[in-house]
Amino acid sequence: GAVVSQHPSWVICKSGTSVKIECRSLDFQATTMFWYRQFPKQSLMLMATSNEGSKATYEQGVEKDKFLINHASLTLSTLTVTSAHPEDSSFYICSARRSESVETQYFGPGTRLLVL
Amino acid sequence: DAKTTQPPSMDCAEGRAANLPCNHSTISGNEYVYWYRQIHSQGPQYIIHGLKNNETNEMASLIITEDRKSSTLILPHATLRDTAVYYCIVSAQGGSEKLVFGKGTKLTVNP
């Protein structure tokens with residue numbers, strides 16, 4: 001199967017600090033990775049599409065300067081929440097698509113962020 | 001906005017088949033039907049996808065109507081671990097890569 005990992009699985013930080021979340025495809029190469037956010041009792045909302053070696057594409061309403069995405073290799077994408085505030089507290093989930101197949105996306109286990 | 005309509009919740013007895021319906025009346029010719037599920041506090045898990053023909057894998061079967069306006073996900077022998085939110089999503093393969101998640105169906109498998 002296709003395995004995607006995220007680190008950390010949960011993080012608590014103070015308001016104003018920055019938090020970096022890693023997303024790795026463990027057994028396949030992923031030219032494209034996606035970042036989603038999920039608030040309690042709501043569905044997943046796509047934040048941005050990350051392509052290896054190029055700038056990320058952000059969905060409408062998502063601040064690109066606040067949510068920095070870097071996809072430096074075919075197996076790693078990072079999401080940095082800069083100057084986090086309590087309203088950024090959420091469940092952040094990444095997914096990855098195999099480079100040799102466009103058939104589907106495989107999701108990571110998610111990172112729960114709590115900003116105090 | 002999601003292009004699919006699903007019932008908000010369903011119940012199923014353990015060991016019985018769970019049939020989850022999905023309406024996608026505006027599906028385009030190049031769009032696939034994908035099913036994912038999300039167990040509480042975890043990332044979504046891919047289940048199955050199809051274009052026109054019915055599909056089956058080790059997890060489930062997908063039945064797509066001839067006009068492709070609706071589909072049914074079948075879990076043949078539901079277990080307690082199948083309790084989750086099930087999402088039906090339509091998306092073009094190779095074209096638009098976005099997966100737009102609706103509210104899904106909360107399936108509860110009862111002992």
# chains A, B, ... in the order shown; residues from 1 in each chain; ligands from 1
>>> residues_around(residues="segment 82-94 of chain A", least_positions_apart="3", cutoff="6 Å", atoms="only C-alpha atoms", output="ChimeraX atom specification")
/A:15-18,34-39,66,107-108,110-116
>>> write_last_selection(atoms="N, CA, C and O atoms", output="PDB file, in the first residue's frame")
ATOM      1  N   SER A  15       0.330  31.308  21.434  1.00  0.00           N
ATOM      2  CA  SER A  15      -0.077  32.244  20.393  1.00  0.00           C
ATOM      3  C   SER A  15       1.116  33.097  19.963  1.00  0.00           C
ATOM      4  O   SER A  15       1.896  33.560  20.798  1.00  0.00           O
ATOM      5  N   GLY A  16       1.269  33.265  18.661  1.00  0.00           N
ATOM      6  CA  GLY A  16       2.365  34.058  18.136  1.00  0.00           C
ATOM      7  C   GLY A  16       3.552  33.260  17.661  1.00  0.00           C
ATOM      8  O   GLY A  16       4.420  33.789  16.947  1.00  0.00           O
ATOM      9  N   THR A  17       3.618  31.990  18.028  1.00  0.00           N
ATOM     10  CA  THR A  17       4.737  31.160  17.585  1.00  0.00           C
ATOM     11  C   THR A  17       4.407  30.506  16.252  1.00  0.00           C
ATOM     12  O   THR A  17       3.260  30.503  15.807  1.00  0.00           O
ATOM     13  N   SER A  18       5.438  29.962  15.624  1.00  0.00           N
ATOM     14  CA  SER A  18       5.261  29.265  14.346  1.00  0.00           C
ATOM     15  C   SER A  18       5.390  27.770  14.548  1.00  0.00           C
ATOM     16  O   SER A  18       6.179  27.314  15.385  1.00  0.00           O
ATOM     17  N   PHE A  34      -1.190  17.503  -1.013  1.00  0.00           N
ATOM     18  CA  PHE A  34      -2.290  18.405  -0.708  1.00  0.00           C
ATOM     19  C   PHE A  34      -2.368  18.616   0.806  1.00  0.00           C
ATOM     20  O   PHE A  34      -2.109  17.699   1.581  1.00  0.00           O
ATOM     21  N   TRP A  35      -2.759  19.827   1.182  1.00  0.00           N
ATOM     22  CA  TRP A  35      -2.948  20.122   2.601  1.00  0.00           C
ATOM     23  C   TRP A  35      -4.397  20.488   2.847  1.00  0.00           C
ATOM     24  O   TRP A  35      -4.968  21.340   2.151  1.00  0.00           O
ATOM     25  N   TYR A  36      -4.976  19.811   3.851  1.00  0.00           N
ATOM     26  CA  TYR A  36      -6.359  20.042   4.227  1.00  0.00           C
ATOM     27  C   TYR A  36      -6.409  20.491   5.688  1.00  0.00           C
ATOM     28  O   TYR A  36      -5.505  20.225   6.481  1.00  0.00           O
ATOM     29  N   ARG A  37      -7.531  21.107   6.025  1.00  0.00           N
ATOM     30  CA  ARG A  37      -7.772  21.498   7.412  1.00  0.00           C
ATOM     31  C   ARG A  37      -9.185  21.027   7.763  1.00  0.00           C
ATOM     32  O   ARG A  37     -10.095  21.103   6.928  1.00  0.00           O
ATOM     33  N   GLN A  38      -9.351  20.577   8.987  1.00  0.00           N
ATOM     34  CA  GLN A  38     -10.657  20.089   9.415  1.00  0.00           C
ATOM     35  C   GLN A  38     -10.942  20.607  10.815  1.00  0.00           C
ATOM     36  O   GLN A  38     -10.249  20.266  11.768  1.00  0.00           O
ATOM     37  N   PHE A  39     -11.990  21.410  10.923  1.00  0.00           N
ATOM     38  CA  PHE A  39     -12.435  21.884  12.228  1.00  0.00           C
ATOM     39  C   PHE A  39     -13.406  20.868  12.809  1.00  0.00           C
ATOM     40  O   PHE A  39     -13.990  20.058  12.088  1.00  0.00           O
ATOM     41  N   LYS A  66       0.630  33.200   5.667  1.00  0.00           N
ATOM     42  CA  LYS A  66       0.442  32.640   6.989  1.00  0.00           C
ATOM     43  C   LYS A  66       0.695  31.131   6.980  1.00  0.00           C
ATOM     44  O   LYS A  66       1.243  30.578   7.921  1.00  0.00           O
ATOM     45  N   PHE A 107      -3.859   9.586   2.246  1.00  0.00           N
ATOM     46  CA  PHE A 107      -3.840  10.585   3.291  1.00  0.00           C
ATOM     47  C   PHE A 107      -2.939  10.197   4.458  1.00  0.00           C
ATOM     48  O   PHE A 107      -2.785   9.017   4.778  1.00  0.00           O
ATOM     49  N   GLY A 108      -2.381  11.231   5.084  1.00  0.00           N
ATOM     50  CA  GLY A 108      -1.646  11.021   6.314  1.00  0.00           C
ATOM     51  C   GLY A 108      -2.600  10.917   7.486  1.00  0.00           C
ATOM     52  O   GLY A 108      -3.801  11.132   7.337  1.00  0.00           O
ATOM     53  N   GLY A 110      -2.821  12.853  10.019  1.00  0.00           N
ATOM     54  CA  GLY A 110      -3.265  14.133  10.557  1.00  0.00           C
ATOM     55  C   GLY A 110      -2.403  14.651  11.696  1.00  0.00           C
ATOM     56  O   GLY A 110      -1.731  13.881  12.392  1.00  0.00           O
ATOM     57  N   THR A 111      -2.419  15.961  11.858  1.00  0.00           N
ATOM     58  CA  THR A 111      -1.725  16.637  12.957  1.00  0.00           C
ATOM     59  C   THR A 111      -2.714  17.553  13.648  1.00  0.00           C
ATOM     60  O   THR A 111      -3.321  18.412  13.007  1.00  0.00           O
ATOM     61  N   ARG A 112      -2.861  17.328  14.941  1.00  0.00           N
ATOM     62  CA  ARG A 112      -3.784  18.168  15.697  1.00  0.00           C
ATOM     63  C   ARG A 112      -3.008  19.311  16.304  1.00  0.00           C
ATOM     64  O   ARG A 112      -2.062  19.098  17.054  1.00  0.00           O
ATOM     65  N   LEU A 113      -3.404  20.530  15.974  1.00  0.00           N
ATOM     66  CA  LEU A 113      -2.739  21.742  16.468  1.00  0.00           C
ATOM     67  C   LEU A 113      -3.651  22.462  17.439  1.00  0.00           C
ATOM     68  O   LEU A 113      -4.811  22.739  17.125  1.00  0.00           O
ATOM     69  N   LEU A 114      -3.105  22.760  18.603  1.00  0.00           N
ATOM     70  CA  LEU A 114      -3.821  23.556  19.592  1.00  0.00           C
ATOM     71  C   LEU A 114      -2.973  24.782  19.920  1.00  0.00           C
ATOM     72  O   LEU A 114      -1.833  24.647  20.366  1.00  0.00           O
ATOM     73  N   VAL A 115      -3.523  25.937  19.660  1.00  0.00           N
ATOM     74  CA  VAL A 115      -2.816  27.189  19.938  1.00  0.00           C
ATOM     75  C   VAL A 115      -3.448  27.840  21.167  1.00  0.00           C
ATOM     76  O   VAL A 115      -4.662  28.107  21.176  1.00  0.00           O
ATOM     77  N   LEU A 116      -2.630  28.064  22.164  1.00  0.00           N
ATOM     78  CA  LEU A 116      -3.156  28.609  23.417  1.00  0.00           C
ATOM     79  C   LEU A 116      -3.071  30.130  23.448  1.00  0.00           C
ATOM     80  O   LEU A 116      -2.217  30.731  22.772  1.00  0.00           O
TER      81      LEU A 116
END
>>> interface_residues(of="chain B", to="chain A", cutoff="6 Å", atoms="only C-alpha atoms", output="list in words")
Gln42, Gly43, Pro44, Gly94, Phe101 and Lys103 of chain B
>>> residues_around(residues="segment 15-17 of chain B", least_positions_apart="4", cutoff="9 Å", atoms="only C-alpha atoms", output="list in words")
Ile74, Leu75, Pro76, His77, Ala78, Thr79, Leu80, Val109 and Pro111 of chain B
>>> closest_residue(among="B:Ile64, B:Met10, B:Ile48, B:Leu107", to="Ser25 of chain B", atoms="only C-alpha atoms")
B:Ile64
>>> select_by_dssp(residues="chain B", states="strand (DSSP E or B)", output="PyMOL selection string")
chain B and resi 5+9-13+18-23+31-38+45-50+55-56+61-64+70-75+84-92+105-110
>>> write_last_selection(atoms="N, CA and C atoms", output="compact mmCIF listing (two decimals), in the first residue's frame")
# COMPACT_ATOMS: atom_id res chain seq x y z
N THR B 5 -24.47 14.12 -3.05
CA THR B 5 -25.44 14.16 -1.96
C THR B 5 -25.48 12.80 -1.30
N SER B 9 -26.63 10.11 7.96
CA SER B 9 -26.28 9.01 8.85
C SER B 9 -27.00 7.73 8.45
N MET B 10 -26.40 6.61 8.82
CA MET B 10 -27.00 5.29 8.59
C MET B 10 -26.55 4.36 9.69
N ASP B 11 -27.36 3.36 9.95
CA ASP B 11 -27.01 2.33 10.91
C ASP B 11 -27.00 0.98 10.21
N CYS B 12 -26.19 0.09 10.74
CA CYS B 12 -26.07 -1.23 10.16
C CYS B 12 -25.75 -2.21 11.28
N ALA B 13 -26.29 -3.42 11.18
CA ALA B 13 -25.98 -4.44 12.16
C ALA B 13 -24.68 -5.14 11.79
N ALA B 18 -23.59 -3.34 4.48
CA ALA B 18 -23.90 -1.91 4.58
C ALA B 18 -23.91 -1.35 3.17
N ASN B 19 -25.02 -0.74 2.80
CA ASN B 19 -25.16 -0.15 1.47
C ASN B 19 -25.28 1.37 1.61
N LEU B 20 -24.26 2.08 1.16
CA LEU B 20 -24.23 3.53 1.31
C LEU B 20 -24.49 4.18 -0.04
N PRO B 21 -25.59 4.94 -0.16
CA PRO B 21 -25.91 5.57 -1.44
C PRO B 21 -25.26 6.93 -1.61
N CYS B 22 -25.14 7.32 -2.87
CA CYS B 22 -24.58 8.63 -3.20
C CYS B 22 -25.20 9.11 -4.51
N ASN B 23 -25.68 10.32 -4.51
CA ASN B 23 -26.19 10.93 -5.74
C ASN B 23 -25.17 11.91 -6.30
N GLU B 31 -15.25 12.36 -15.08
CA GLU B 31 -15.12 12.33 -13.61
C GLU B 31 -15.33 10.94 -13.06
N TYR B 32 -14.46 10.58 -12.14
CA TYR B 32 -14.55 9.32 -11.44
C TYR B 32 -15.34 9.51 -10.15
N VAL B 33 -15.84 8.42 -9.64
CA VAL B 33 -16.47 8.40 -8.31
C VAL B 33 -15.48 7.77 -7.34
N TYR B 34 -15.13 8.50 -6.31
CA TYR B 34 -14.20 8.01 -5.30
C TYR B 34 -14.95 7.85 -3.97
N TRP B 35 -14.54 6.87 -3.22
CA TRP B 35 -15.05 6.71 -1.86
C TRP B 35 -13.88 6.67 -0.89
N TYR B 36 -14.01 7.48 0.14
CA TYR B 36 -13.06 7.48 1.24
C TYR B 36 -13.86 7.33 2.54
N ARG B 37 -13.18 6.95 3.59
CA ARG B 37 -13.81 6.95 4.90
C ARG B 37 -12.86 7.55 5.92
N GLN B 38 -13.42 8.10 6.96
CA GLN B 38 -12.62 8.72 8.00
C GLN B 38 -13.11 8.22 9.36
N GLN B 45 -9.23 7.39 4.64
CA GLN B 45 -8.68 6.16 4.06
C GLN B 45 -9.36 5.91 2.73
N TYR B 46 -8.56 5.70 1.70
CA TYR B 46 -9.09 5.38 0.38
C TYR B 46 -9.78 4.02 0.41
N ILE B 47 -10.96 3.95 -0.21
CA ILE B 47 -11.67 2.67 -0.27
C ILE B 47 -11.67 2.13 -1.68
N ILE B 48 -12.24 2.90 -2.62
CA ILE B 48 -12.43 2.39 -3.96
C ILE B 48 -12.78 3.54 -4.89
N HIS B 49 -12.60 3.36 -6.16
CA HIS B 49 -13.08 4.35 -7.12
C HIS B 49 -13.46 3.65 -8.42
N GLY B 50 -14.27 4.35 -9.22
CA GLY B 50 -14.70 3.78 -10.50
C GLY B 50 -15.17 4.86 -11.45
N GLU B 55 -17.00 -1.94 -9.53
CA GLU B 55 -15.66 -2.30 -9.07
C GLU B 55 -15.75 -3.02 -7.74
N THR B 56 -14.79 -3.90 -7.53
CA THR B 56 -14.71 -4.61 -6.26
C THR B 56 -13.26 -4.74 -5.86
N SER B 61 -17.39 -3.04 -2.52
CA SER B 61 -17.83 -3.03 -3.92
C SER B 61 -18.46 -1.69 -4.22
N LEU B 62 -18.29 -1.25 -5.45
CA LEU B 62 -18.88 0.00 -5.91
C LEU B 62 -19.79 -0.29 -7.08
N ILE B 63 -21.05 0.07 -6.92
CA ILE B 63 -22.03 -0.12 -7.97
C ILE B 63 -22.41 1.25 -8.52
N ILE B 64 -22.19 1.47 -9.80
CA ILE B 64 -22.51 2.74 -10.44
C ILE B 64 -23.65 2.52 -11.42
N SER B 70 -25.78 8.10 -9.95
CA SER B 70 -25.74 7.68 -8.56
C SER B 70 -24.88 6.43 -8.43
N SER B 71 -24.48 6.18 -7.20
CA SER B 71 -23.69 4.97 -6.94
C SER B 71 -23.97 4.48 -5.53
N THR B 72 -23.55 3.25 -5.28
CA THR B 72 -23.72 2.66 -3.96
C THR B 72 -22.42 1.97 -3.56
N LEU B 73 -21.96 2.27 -2.38
CA LEU B 73 -20.81 1.57 -1.81
C LEU B 73 -21.35 0.44 -0.94
N ILE B 74 -20.83 -0.74 -1.15
CA ILE B 74 -21.29 -1.89 -0.38
C ILE B 74 -20.14 -2.46 0.45
N LEU B 75 -20.36 -2.50 1.74
CA LEU B 75 -19.45 -3.22 2.64
C LEU B 75 -20.13 -4.55 2.91
N ALA B 84 -17.59 4.82 10.77
CA ALA B 84 -16.78 5.94 10.26
C ALA B 84 -17.68 6.87 9.49
N VAL B 85 -17.12 7.98 9.04
CA VAL B 85 -17.80 8.85 8.09
C VAL B 85 -17.32 8.48 6.70
N TYR B 86 -18.26 8.20 5.82
CA TYR B 86 -17.94 7.77 4.46
C TYR B 86 -18.22 8.92 3.48
N TYR B 87 -17.21 9.24 2.70
CA TYR B 87 -17.31 10.34 1.75
C TYR B 87 -17.34 9.81 0.32
N CYS B 88 -18.31 10.29 -0.43
CA CYS B 88 -18.41 10.00 -1.85
C CYS B 88 -17.98 11.27 -2.58
N ILE B 89 -17.02 11.17 -3.46
CA ILE B 89 -16.45 12.35 -4.12
C ILE B 89 -16.33 12.08 -5.61
N VAL B 90 -16.66 13.08 -6.42
CA VAL B 90 -16.42 12.96 -7.85
C VAL B 90 -15.26 13.87 -8.22
N SER B 91 -14.38 13.36 -9.03
CA SER B 91 -13.20 14.13 -9.40
C SER B 91 -12.66 13.63 -10.72
N ALA B 92 -12.16 14.53 -11.53
CA ALA B 92 -11.58 14.15 -12.80
C ALA B 92 -10.17 13.61 -12.57
N THR B 105 -21.50 10.46 4.99
CA THR B 105 -22.49 9.67 5.74
C THR B 105 -21.80 9.07 6.96
N LYS B 106 -22.36 9.33 8.12
CA LYS B 106 -21.84 8.71 9.34
C LYS B 106 -22.47 7.34 9.46
N LEU B 107 -21.68 6.31 9.24
CA LEU B 107 -22.15 4.93 9.37
C LEU B 107 -21.82 4.41 10.75
N THR B 108 -22.83 3.94 11.44
CA THR B 108 -22.63 3.32 12.74
C THR B 108 -22.97 1.85 12.63
N VAL B 109 -22.01 1.00 12.92
CA VAL B 109 -22.24 -0.44 12.91
C VAL B 109 -22.51 -0.86 14.35
N ASN B 110 -23.66 -1.46 14.54
CA ASN B 110 -24.09 -1.84 15.89
C ASN B 110 -23.90 -3.33 16.15
>>> residues_around(residues="Asn51 of chain A", least_positions_apart="5", cutoff="8 Å", atoms="only C-alpha atoms", output="list of chain:residue names")
A:Thr31, A:Thr32, A:Met33, A:Ala56, A:His71
>>> atom_distance(atom1="atom CA of Lys52 of chain B", atom2="atom CA of Asp82 of chain B")
25.6 Å
>>> atom_distance(atom1="atom CA of Thr75 of chain A", atom2="atom CA of Glu59 of chain A")
22.3 Å
>>> decode(residues="segment 11-35 of chain A", atoms="N, CA and C atoms", output="PDB file, in the first residue's frame")
ATOM      1  N   VAL A  11       0.420  18.922  18.425  1.00  0.00           N
ATOM      2  CA  VAL A  11       1.302  19.971  18.922  1.00  0.00           C
ATOM      3  C   VAL A  11       0.481  21.032  19.638  1.00  0.00           C
ATOM      4  N   ILE A  12       1.020  21.496  20.747  1.00  0.00           N
ATOM      5  CA  ILE A  12       0.442  22.603  21.499  1.00  0.00           C
ATOM      6  C   ILE A  12       1.463  23.729  21.500  1.00  0.00           C
ATOM      7  N   CYS A  13       1.024  24.923  21.159  1.00  0.00           N
ATOM      8  CA  CYS A  13       1.973  26.036  21.113  1.00  0.00           C
ATOM      9  C   CYS A  13       1.302  27.297  21.643  1.00  0.00           C
ATOM     10  N   LYS A  14       2.133  28.261  21.937  1.00  0.00           N
ATOM     11  CA  LYS A  14       1.633  29.545  22.403  1.00  0.00           C
ATOM     12  C   LYS A  14       1.276  30.433  21.223  1.00  0.00           C
ATOM     13  N   SER A  15       0.330  31.308  21.434  1.00  0.00           N
ATOM     14  CA  SER A  15      -0.077  32.244  20.393  1.00  0.00           C
ATOM     15  C   SER A  15       1.116  33.097  19.963  1.00  0.00           C
ATOM     16  N   GLY A  16       1.269  33.265  18.661  1.00  0.00           N
ATOM     17  CA  GLY A  16       2.365  34.058  18.136  1.00  0.00           C
ATOM     18  C   GLY A  16       3.552  33.260  17.661  1.00  0.00           C
ATOM     19  N   THR A  17       3.618  31.990  18.028  1.00  0.00           N
ATOM     20  CA  THR A  17       4.737  31.160  17.585  1.00  0.00           C
ATOM     21  C   THR A  17       4.407  30.506  16.252  1.00  0.00           C
ATOM     22  N   SER A  18       5.438  29.962  15.624  1.00  0.00           N
ATOM     23  CA  SER A  18       5.261  29.265  14.346  1.00  0.00           C
ATOM     24  C   SER A  18       5.390  27.770  14.548  1.00  0.00           C
ATOM     25  N   VAL A  19       4.639  27.029  13.787  1.00  0.00           N
ATOM     26  CA  VAL A  19       4.625  25.573  13.902  1.00  0.00           C
ATOM     27  C   VAL A  19       4.829  24.962  12.525  1.00  0.00           C
ATOM     28  N   LYS A  20       5.743  23.997  12.449  1.00  0.00           N
ATOM     29  CA  LYS A  20       5.993  23.307  11.187  1.00  0.00           C
ATOM     30  C   LYS A  20       5.467  21.884  11.259  1.00  0.00           C
ATOM     31  N   ILE A  21       4.731  21.502  10.226  1.00  0.00           N
ATOM     32  CA  ILE A  21       4.187  20.142  10.125  1.00  0.00           C
ATOM     33  C   ILE A  21       4.783  19.486   8.881  1.00  0.00           C
ATOM     34  N   GLU A  22       5.289  18.267   9.055  1.00  0.00           N
ATOM     35  CA  GLU A  22       5.880  17.544   7.935  1.00  0.00           C
ATOM     36  C   GLU A  22       4.943  16.476   7.411  1.00  0.00           C
ATOM     37  N   CYS A  23       4.972  16.298   6.116  1.00  0.00           N
ATOM     38  CA  CYS A  23       4.198  15.248   5.450  1.00  0.00           C
ATOM     39  C   CYS A  23       5.150  14.468   4.558  1.00  0.00           C
ATOM     40  N   ARG A  24       5.233  13.167   4.781  1.00  0.00           N
ATOM     41  CA  ARG A  24       6.158  12.331   4.018  1.00  0.00           C
ATOM     42  C   ARG A  24       5.437  11.168   3.360  1.00  0.00           C
ATOM     43  N   SER A  25       5.780  10.907   2.103  1.00  0.00           N
ATOM     44  CA  SER A  25       5.340   9.680   1.457  1.00  0.00           C
ATOM     45  C   SER A  25       6.453   8.665   1.673  1.00  0.00           C
ATOM     46  N   LEU A  26       6.138   7.572   2.351  1.00  0.00           N
ATOM     47  CA  LEU A  26       7.181   6.661   2.823  1.00  0.00           C
ATOM     48  C   LEU A  26       7.619   5.641   1.783  1.00  0.00           C
ATOM     49  N   ASP A  27       6.723   5.206   0.924  1.00  0.00           N
ATOM     50  CA  ASP A  27       7.087   4.131   0.006  1.00  0.00           C
ATOM     51  C   ASP A  27       6.764   4.468  -1.445  1.00  0.00           C
ATOM     52  N   PHE A  28       6.615   5.750  -1.736  1.00  0.00           N
ATOM     53  CA  PHE A  28       6.396   6.161  -3.116  1.00  0.00           C
ATOM     54  C   PHE A  28       6.799   7.620  -3.278  1.00  0.00           C
ATOM     55  N   GLN A  29       6.964   7.996  -4.515  1.00  0.00           N
ATOM     56  CA  GLN A  29       7.300   9.381  -4.814  1.00  0.00           C
ATOM     57  C   GLN A  29       6.025  10.147  -5.150  1.00  0.00           C
ATOM     58  N   ALA A  30       5.971  11.365  -4.669  1.00  0.00           N
ATOM     59  CA  ALA A  30       4.761  12.165  -4.838  1.00  0.00           C
ATOM     60  C   ALA A  30       5.123  13.531  -5.409  1.00  0.00           C
ATOM     61  N   THR A  31       4.765  13.751  -6.667  1.00  0.00           N
ATOM     62  CA  THR A  31       5.009  15.076  -7.230  1.00  0.00           C
ATOM     63  C   THR A  31       4.016  16.085  -6.682  1.00  0.00           C
ATOM     64  N   THR A  32       2.874  15.601  -6.245  1.00  0.00           N
ATOM     65  CA  THR A  32       1.837  16.495  -5.736  1.00  0.00           C
ATOM     66  C   THR A  32       1.387  16.059  -4.348  1.00  0.00           C
ATOM     67  N   MET A  33       1.344  17.003  -3.449  1.00  0.00           N
ATOM     68  CA  MET A  33       0.792  16.771  -2.122  1.00  0.00           C
ATOM     69  C   MET A  33      -0.242  17.839  -1.837  1.00  0.00           C
ATOM     70  N   PHE A  34      -1.190  17.503  -1.013  1.00  0.00           N
ATOM     71  CA  PHE A  34      -2.290  18.405  -0.708  1.00  0.00           C
ATOM     72  C   PHE A  34      -2.368  18.616   0.806  1.00  0.00           C
ATOM     73  N   TRP A  35      -2.759  19.827   1.182  1.00  0.00           N
ATOM     74  CA  TRP A  35      -2.948  20.122   2.601  1.00  0.00           C
ATOM     75  C   TRP A  35      -4.397  20.488   2.847  1.00  0.00           C
TER      76      TRP A  35
END
